[in-house]
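Undergrad: So that we are looking at the same thing, I have put the structure below in structure tokens.
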Amino acid sequence: MPAPDFPAEVRSRLEEDAREVIARYPDSRSALLPLLHLVQAEEGYVTRTGIRFCAEMLGLTTAEVTAVATFYSMYRRKPSGEYQVGVCTNTLCAVMGGDAIFSELQEHLGLGNGETTEDGKVTLEHIECNAACDFAPVVMVNWEFFDNQTPQSAKQLVDDLRAGRTAEPTRGAPLCTFKETARILAGFPDERPGAVDATGGAGAPSLVGLRLAKGEAAPGRIVSPRSAPPQGADEQQPPAGGEAPAGHPSSHDAPHTTAASDPQHPAGPVSEEGE
């Protein structure tokens with residue numbers, strides 16, 4: 001059966017927003033991604049009604065819209081939580097403790113991957129690299145960063161979200177709901193005071209290349225205790241005009257208690273997703 005339409009008032013409002021988005025592109029088809037965010041901002045996920053709306057606004061078939069909506073994981077296909085809590089389980093975050101965080105959150109919330117708490121507050125999922133390896137392990141809530149997490153801090157985070165307490169991202173804009181995030185991703189301004197001015201950069205290791213490109217002096221070579229030079233090799237030399245740095249600037253070389261070989265901390269789900 002054809003998907004039902006939005007109520008007249010909602011349809012009128014969405015059409016006005018959609019026309020504003022479409023006008024930004026020389027080819028209307030290019031507006032499909034932001035329009036999918038727009039309908040997701042209305043209902044919290046991409047429904048059959050939302051797919052029908054996008055198709056009608058852009059002169060596409062519902063099959064063409066569905067092909068795009070199902071390709072990208074940023075579009076939800078079922079009701080989900082007010083806060084999307086994603087735990088990075090890609091390589092670096094995993095070995096730094098991301099697998100342990102995801103496992104303990106699953107047990108703490110009683111959820112499988114992609115499932116939502118009964119109160120509708122939190123959807124838990126494991127996600128791929130967030131390009132924040134300097135701060136591993138990283139948890140994201142509605143695409144805002146919560147860096148250098150531990151199982152304990154991550155459990156406190158989801159408890160705060162469910163209780164309605166303020167949760168401040170490590171950097172970037174203040175947290176908002178998933179629907180509000182979707183509307184921003186559709187291309188509409190974030191009108192919250194101070195949100196646009198909030199920012200946060202990469203960590204020092206990621207910025208070394210940028211500093212070199214700008215002509216700044218390279219930092220001194222840092223030797224961690226686990227990779228000390230062999231006997232007879234030159235010791236670390238301090239950079240010109242300064243002293244040798246004390247130790248390693250991050251905890252990435254420290255021994256970790258959640259290695260994949262530790263049977264007490266398995267390296268992530270071994271069953272099908274959601275089980």
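Residues in the structure tokens are named by chain (A, B, ... in the order shown) and by number from 1 within that chain; ligands are numbered from 1 in the order shown.
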Please list as an MDAnalysis selection string every residue within 8 Å of stretch 69-75 of chain A, counting only C-alpha atoms and excluding residues in the same chain fewer than 4 positions away.

TA: chainID A and resid 36:37 40 45:46 65

Undergrad: Which residues of stretch 87-152 of chain A come within 10 Å of stretch 163-173 of chain A, and what is each one's closest atom pair and distance in Å (one decimal), counting only C-alpha atoms, sorted by chain and residue number, as a Markdown table?

TA:
```
| residue | atom | partner | partner_atom | distance |
| --- | --- | --- | --- | --- |
| A:Lys121 | CA | A:Ala163 | CA | 9.0 |
| A:Phe135 | CA | A:Thr170 | CA | 10.0 |
| A:Val139 | CA | A:Pro169 | CA | 9.8 |
| A:Met140 | CA | A:Pro169 | CA | 8.6 |
| A:Val141 | CA | A:Pro169 | CA | 8.3 |
| A:Trp143 | CA | A:Gly172 | CA | 9.8 |
| A:Glu144 | CA | A:Pro169 | CA | 6.2 |
| A:Phe145 | CA | A:Pro169 | CA | 5.5 |
| A:Phe146 | CA | A:Thr170 | CA | 5.0 |
| A:Asp147 | CA | A:Thr170 | CA | 6.0 |
| A:Asn148 | CA | A:Thr170 | CA | 9.0 |
```

Undergrad: I'd like the contact shell of A:Ser80 - 8 Å cut-off, only C-alpha atoms, skipping same-chain residues fewer than 5 positions apart - returned as a PyMOL selection string.

TA: chain A and resi 44-45+115-116+120+122-123

Undergrad: Tell me, which residues of stretch 4-140 of chain A carry DSSP strand (DSSP E or B), written as a list in words?

TA: Tyr83, Gln84, Val85, Gly86, Val87, Cys88, Thr116, Val122, Thr123, Leu124, Glu125, His126, Ile127, Val139 and Met140 of chain A

Undergrad: At what distance in Å, to one decimal, does atom CA of A:Pro189 lie from atom CA of A:Lys78?

TA: 26.0 Å

Undergrad: Could you please write out, as a PyMOL selection string, every residue of stretch 35-168 of chain A that DSSP assigns to helix (DSSP H, G or I)?

TA: chain A and resi 35-43+48-58+62-69+91-109+133-135+151-163

Undergrad: List as an MDAnalysis selection string the protein and nucleic acid residues near A:His126, meaning an atom at most 7 Å away when only C-alpha atoms are counted, but skip any in the same chain fewer than 3 places from it.

TA: chainID A and resid 86:89 102 113

Undergrad: Within 12 Å of stretch 48-62 of chain A, counting only C-alpha atoms, which residues show up once you throw out same-chain ones fewer than 5 positions away? Write them as a ChimeraX atom specification, please.

TA: /A:1-7,10-12,14-23,25,27-43,67-70,75-78

Undergrad: Do you have the atom CA of A:Asp134-atom CA of A:Gly209 distance handy?

TA: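 Answer for the atom CA of A:Asp134 to atom CA of A:Gly209 separation: 14.0 Å.
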
Undergrad: Contacts of A:Thr91 at 9 Å or less, counting only C-alpha atoms, minus same-chain residues fewer than 5 places along, as an mmCIF file with N, CA and C atoms, in the first residue's frame?

TA:
```
data_model
loop_
_atom_site.group_PDB
_atom_site.id
_atom_site.type_symbol
_atom_site.label_atom_id
_atom_site.label_comp_id
_atom_site.auth_asym_id
_atom_site.auth_seq_id
_atom_site.Cartn_x
_atom_site.Cartn_y
_atom_site.Cartn_z
ATOM 1 N N MET A 96 42.317 0.626 22.924
ATOM 2 C CA MET A 96 42.429 1.533 24.056
ATOM 3 C C MET A 96 41.290 1.375 25.056
ATOM 4 N N GLU A 128 32.044 3.212 13.534
ATOM 5 C CA GLU A 128 33.384 3.193 12.972
ATOM 6 C C GLU A 128 34.143 4.468 13.344
ATOM 7 N N CYS A 129 35.336 4.624 12.814
ATOM 8 C CA CYS A 129 36.255 5.675 13.232
ATOM 9 C C CYS A 129 35.620 7.058 13.222
#
```

Undergrad: One number please: atom CA of A:Ala182 to atom CA of A:Ala63, in Å, one decimal.

TA: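 For atom CA of A:Ala182 relative to atom CA of A:Ala63, the distance reads 22.2 Å.
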